[in-house]
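Chemist: Can you keep this structure in mind? I'll have questions shortly.
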Amino acid sequence: MKKINRKNFLKKSVLGTVALSTVAAACNAESATSTDGVPAINTGKKYRWKMVTTWPPNYPIIGEGLEEMAKWIEAMSGGRMKIKVYGGGELVPPLESFDAVSSGTAEMGHGGAYYWAGKAPAAQFFASVPFGMNAQQMNAWLISGGGMALWRELYAKFNLVPFSCGNTGVQMGGWFNKEINSLADLQGLKMRIPGFGGKVFAKAGGSPVLAAGSELYTSLERGVIDATEWIGPFHDYKMGFQDIAKYYYAPGWHEAGTNLELFVNKPKFDALPKDLQMIIETAAARYNIWMLSEIEAQNNLYLDKLIKEKNIDIRYFPDEVLDQLRVYTDEILAEITASDPFAKKVYASYDAFRNRAKNWAAVTEKVFYNKLQK
């Protein structure tokens with residue numbers, strides 16, 4: 001074998017290392033200015049973002065889950081993106097979250113799309129429709145049925161990018177301080193109920209009130225409202241409604257599977273490297289299934305606690321009340337779609353998907369619940 005000259009070997013190694021470093025630097029420089037105008041991946045830039053929410057600070061499952069989601073994003077990004085989560089009122093009032101993110105005061109927000117009905121009537125379809133789709137059907141429409149494209153088209157007008165980010169599943173009908181035996185019992189009743197449900201309630205003669213979660217206990221306790229819907233046994237128990245209201249009603253006709261949203265300032269999202277964009281989308285998707293699973297598990301336990309520990313008697317809305325509320329729902333949907341072209345477009349997609357999903361559920365899940373699950 002030819003004898004290796006140590007001096008020449010070291011010289012060549014150094015020159016090789018320099019050459020590789022030069023090539024790597026050139027590649028990095030090239031990737032930092034991609035031809036499609038999208039910022040490059042792994043630029044090393046750090047992002048420190050704020051998330052405002054409509055929920056009380058550290059709210060069980062929903063708010064706590066958002067704190068976890070911030071950790072997921074930080075971990076997946078290798079520490080390049082950190083998000084500070086603010087409960088409603090800590091940085092901006094709960095129902096001003098939409099405007100705060102739209103204007104860029106905060107980069108991200110979390111809430112329910114029906115809170116913004118006054119700004120965009122069509123937004124309500126991306127939260128819940130009375131007598132509408134359940135959680136898995138809503139997810140299917142948004143992810144695989146064209147709903148997401150419509151949602152993003154609508155929110156782009158407000159400088160926002162929306163993501164499905166949580167679902168409550170089927171909710172309860174609410175807490176009342178009087179029995180509901182007929183439609184007449186809704187006349188003049190002041191109830192916290194948002195979105196389409198509130199409009200239907202008004203048509204039935206009630207007085208709907210839009211209020212953030214942090215205000216509900218005090219409002220119900222002081223008689224500012226006569227009734228409130230919220231979510232389900234777990235969150236309702238934590239709010240203490242069982243201590244100040246007499247009657248707990250089912251089913252949640254107004255919210256059969258309420259989709260919650262993460263909304264991000266569009267200019268700031270578009271300016272992110274592609275990997276960080278995908279990390280945010282992936283974290284929202286993980287939160288979406290995590291929240292639904294956690295609420296399902298906790299509602300099982302807390303329904304039992306309400307019945308056995310608090311002696312709560314679950315009531316059911318009479319059929320005549322539900323039947324008339326369904327009629328009013330159809331009237332409200334007809335009015336909204338007639339007055340707002342985009343709402344008409346969204347509802348056409350929503351309704352077509354719902355009808356197909358309903359037909360499929362009729363021969364599968366409906367049969368399972370009614371005949372097989374005893």
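Labeling convention for the structure tokens: chains A, B, ... as they appear, residues from 1 per chain, ligands from 1 in order of appearance.
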Within 9 Å of Leu189 (chain A), counting only C-alpha atoms, which residues qualify if same-chain residues fewer than 2 places away don't, as a PDB file with C-alpha atoms, in the first residue's frame?

Modeler:
ATOM      1  CA  ASP A 185     -93.386  28.149  28.581  1.00  0.00           C
ATOM      2  CA  LEU A 186     -90.736  29.689  26.326  1.00  0.00           C
ATOM      3  CA  GLN A 187     -92.597  32.971  25.966  1.00  0.00           C
ATOM      4  CA  MET A 191     -81.916  32.445  27.959  1.00  0.00           C
ATOM      5  CA  GLY A 205     -91.093  33.835  21.795  1.00  0.00           C
ATOM      6  CA  GLY A 206     -88.014  33.691  23.998  1.00  0.00           C
ATOM      7  CA  SER A 207     -85.387  36.371  24.582  1.00  0.00           C
ATOM      8  CA  PRO A 208     -81.932  35.064  23.601  1.00  0.00           C
ATOM      9  CA  ILE A 225     -81.299  35.312  32.681  1.00  0.00           C
ATOM     10  CA  ASP A 226     -83.862  32.597  33.392  1.00  0.00           C
ATOM     11  CA  ALA A 227     -81.995  29.787  31.682  1.00  0.00           C
TER      12      ALA A 227
END

Chemist: Write down as a VMD selection string the residues belonging to region 149-243 of chain A that are assigned strand (DSSP E or B) by DSSP computed on the backbone.

Modeler: chain A and resid 160 to 167 174 to 176 190 to 192 207 to 209 227 to 228

Chemist: Wanna dump the region 276-333 of chain A-region 125-134 of chain A contacts at 12 Å for me, each residue with its shortest atom pair and the distance in Å to one decimal, counting only C-alpha atoms, ordered by chain and number, as a Markdown table?

Modeler:
| residue | atom | partner | partner_atom | distance |
| --- | --- | --- | --- | --- |
| A:Leu292 | CA | A:Asn134 | CA | 11.4 |
| A:Leu322 | CA | A:Phe131 | CA | 9.4 |
| A:Asp323 | CA | A:Phe131 | CA | 10.3 |
| A:Gln324 | CA | A:Phe131 | CA | 11.7 |
| A:Leu325 | CA | A:Pro130 | CA | 8.7 |
| A:Arg326 | CA | A:Phe131 | CA | 7.0 |
| A:Val327 | CA | A:Phe131 | CA | 10.4 |
| A:Tyr328 | CA | A:Pro130 | CA | 9.9 |
| A:Thr329 | CA | A:Pro130 | CA | 6.7 |
| A:Asp330 | CA | A:Pro130 | CA | 9.3 |
| A:Glu331 | CA | A:Pro130 | CA | 11.8 |
| A:Ile332 | CA | A:Pro130 | CA | 10.3 |
| A:Leu333 | CA | A:Val129 | CA | 9.2 |

Chemist: May I have the residues from that selection written out with N, CA and C atoms, as a compact mmCIF listing (two decimals), in the first residue's frame?

Modeler:
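As written to disk, part.txt reads:
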# COMPACT_ATOMS: atom_id res chain seq x y z
N LEU A 292 -62.74 16.21 21.77
CA LEU A 292 -63.97 15.42 21.67
C LEU A 292 -63.88 14.17 22.52
N LEU A 322 -90.13 20.37 20.48
CA LEU A 322 -89.07 20.07 19.52
C LEU A 322 -89.56 20.17 18.08
N ASP A 323 -90.76 19.68 17.84
CA ASP A 323 -91.32 19.74 16.48
C ASP A 323 -91.46 21.18 16.00
N GLN A 324 -91.93 22.06 16.90
CA GLN A 324 -92.12 23.45 16.50
C GLN A 324 -90.77 24.18 16.36
N LEU A 325 -89.83 23.84 17.21
CA LEU A 325 -88.49 24.43 17.09
C LEU A 325 -87.85 24.03 15.76
N ARG A 326 -88.14 22.81 15.30
CA ARG A 326 -87.61 22.37 14.00
C ARG A 326 -88.23 23.19 12.87
N VAL A 327 -89.51 23.48 12.98
CA VAL A 327 -90.18 24.32 11.99
C VAL A 327 -89.56 25.71 11.96
N TYR A 328 -89.34 26.28 13.14
CA TYR A 328 -88.73 27.61 13.23
C TYR A 328 -87.30 27.61 12.68
N THR A 329 -86.58 26.49 12.89
CA THR A 329 -85.23 26.38 12.35
C THR A 329 -85.24 26.50 10.83
N ASP A 330 -86.16 25.79 10.19
CA ASP A 330 -86.27 25.84 8.73
C ASP A 330 -86.58 27.27 8.26
N GLU A 331 -87.42 27.97 9.02
CA GLU A 331 -87.76 29.35 8.66
C GLU A 331 -86.55 30.28 8.80
N ILE A 332 -85.80 30.10 9.87
CA ILE A 332 -84.61 30.94 10.09
C ILE A 332 -83.57 30.70 9.00
N LEU A 333 -83.35 29.44 8.66
CA LEU A 333 -82.38 29.12 7.61
C LEU A 333 -82.81 29.70 6.26

Chemist: Please determine, counting only C-alpha atoms, which residue among A:Leu260, A:Leu91, A:Ala361, A:Met239 has the shortest atom-to-atom distance to Tyr287 (chain A).

Modeler: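 Nearest candidate to Tyr287 (chain A) out of A:Leu260, A:Leu91, A:Ala361, A:Met239: A:Leu260.
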
Chemist: For Ile231 (chain A), which residue out of A:Asn265, A:Ala338, A:Lys366, A:Pro60 is the nearest one, using only C-alpha atoms?

Modeler: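 Of the candidates, the smallest distance to Ile231 (chain A) is held by A:Pro60.
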
Chemist: Considering only C-alpha atoms, state which residue in the set A:Asn288, A:Met148, A:Ser182, A:Tyr86 is at the smallest distance from Asn58 (chain A).

Modeler: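 Checking each candidate against Asn58 (chain A), we get A:Tyr86 as the closest.
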
Chemist: Could you check the closest approach to Thr54 (chain A) for each of A:Glu261, A:Phe158, A:Phe163, A:Gln242 and tell me which residue wins, using only C-alpha atoms?

Modeler: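 Ranking A:Glu261, A:Phe158, A:Phe163, A:Gln242 by distance to Thr54 (chain A), first place goes to A:Glu261.
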
Chemist: As a PDB file with C-alpha atoms, in the first residue's frame, please: the residues near Tyr249 (chain A) (cut-off 7 Å, only C-alpha atoms, same-chain neighbours under 6 positions excluded).

Modeler:
ATOM      1  CA  MET A 172     -77.449  19.208  26.721  1.00  0.00           C
ATOM      2  CA  GLY A 173     -80.519  21.390  26.268  1.00  0.00           C
ATOM      3  CA  GLY A 174     -79.735  23.661  29.206  1.00  0.00           C
ATOM      4  CA  TRP A 175     -80.592  24.671  32.763  1.00  0.00           C
ATOM      5  CA  ILE A 314     -82.940  14.927  33.760  1.00  0.00           C
ATOM      6  CA  ARG A 315     -85.940  16.336  31.908  1.00  0.00           C
ATOM      7  CA  TYR A 316     -86.758  16.032  28.215  1.00  0.00           C
ATOM      8  CA  PHE A 317     -88.296  18.665  25.989  1.00  0.00           C
TER       9      PHE A 317
END

Chemist: When you draw a straight line from CA of Lys119 (chain A) to CA of His254 (chain A), how long is it in Å?

Modeler: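 For CA of Lys119 (chain A) relative to CA of His254 (chain A), the distance reads 20.6 Å.
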
Chemist: I'd like to know which of A:Met291, A:Leu150, A:Cys165, A:Ile280 is closest to Ile83 (chain A), using only C-alpha atoms.

Modeler: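 For Ile83 (chain A), the nearest of the candidates is A:Ile280.
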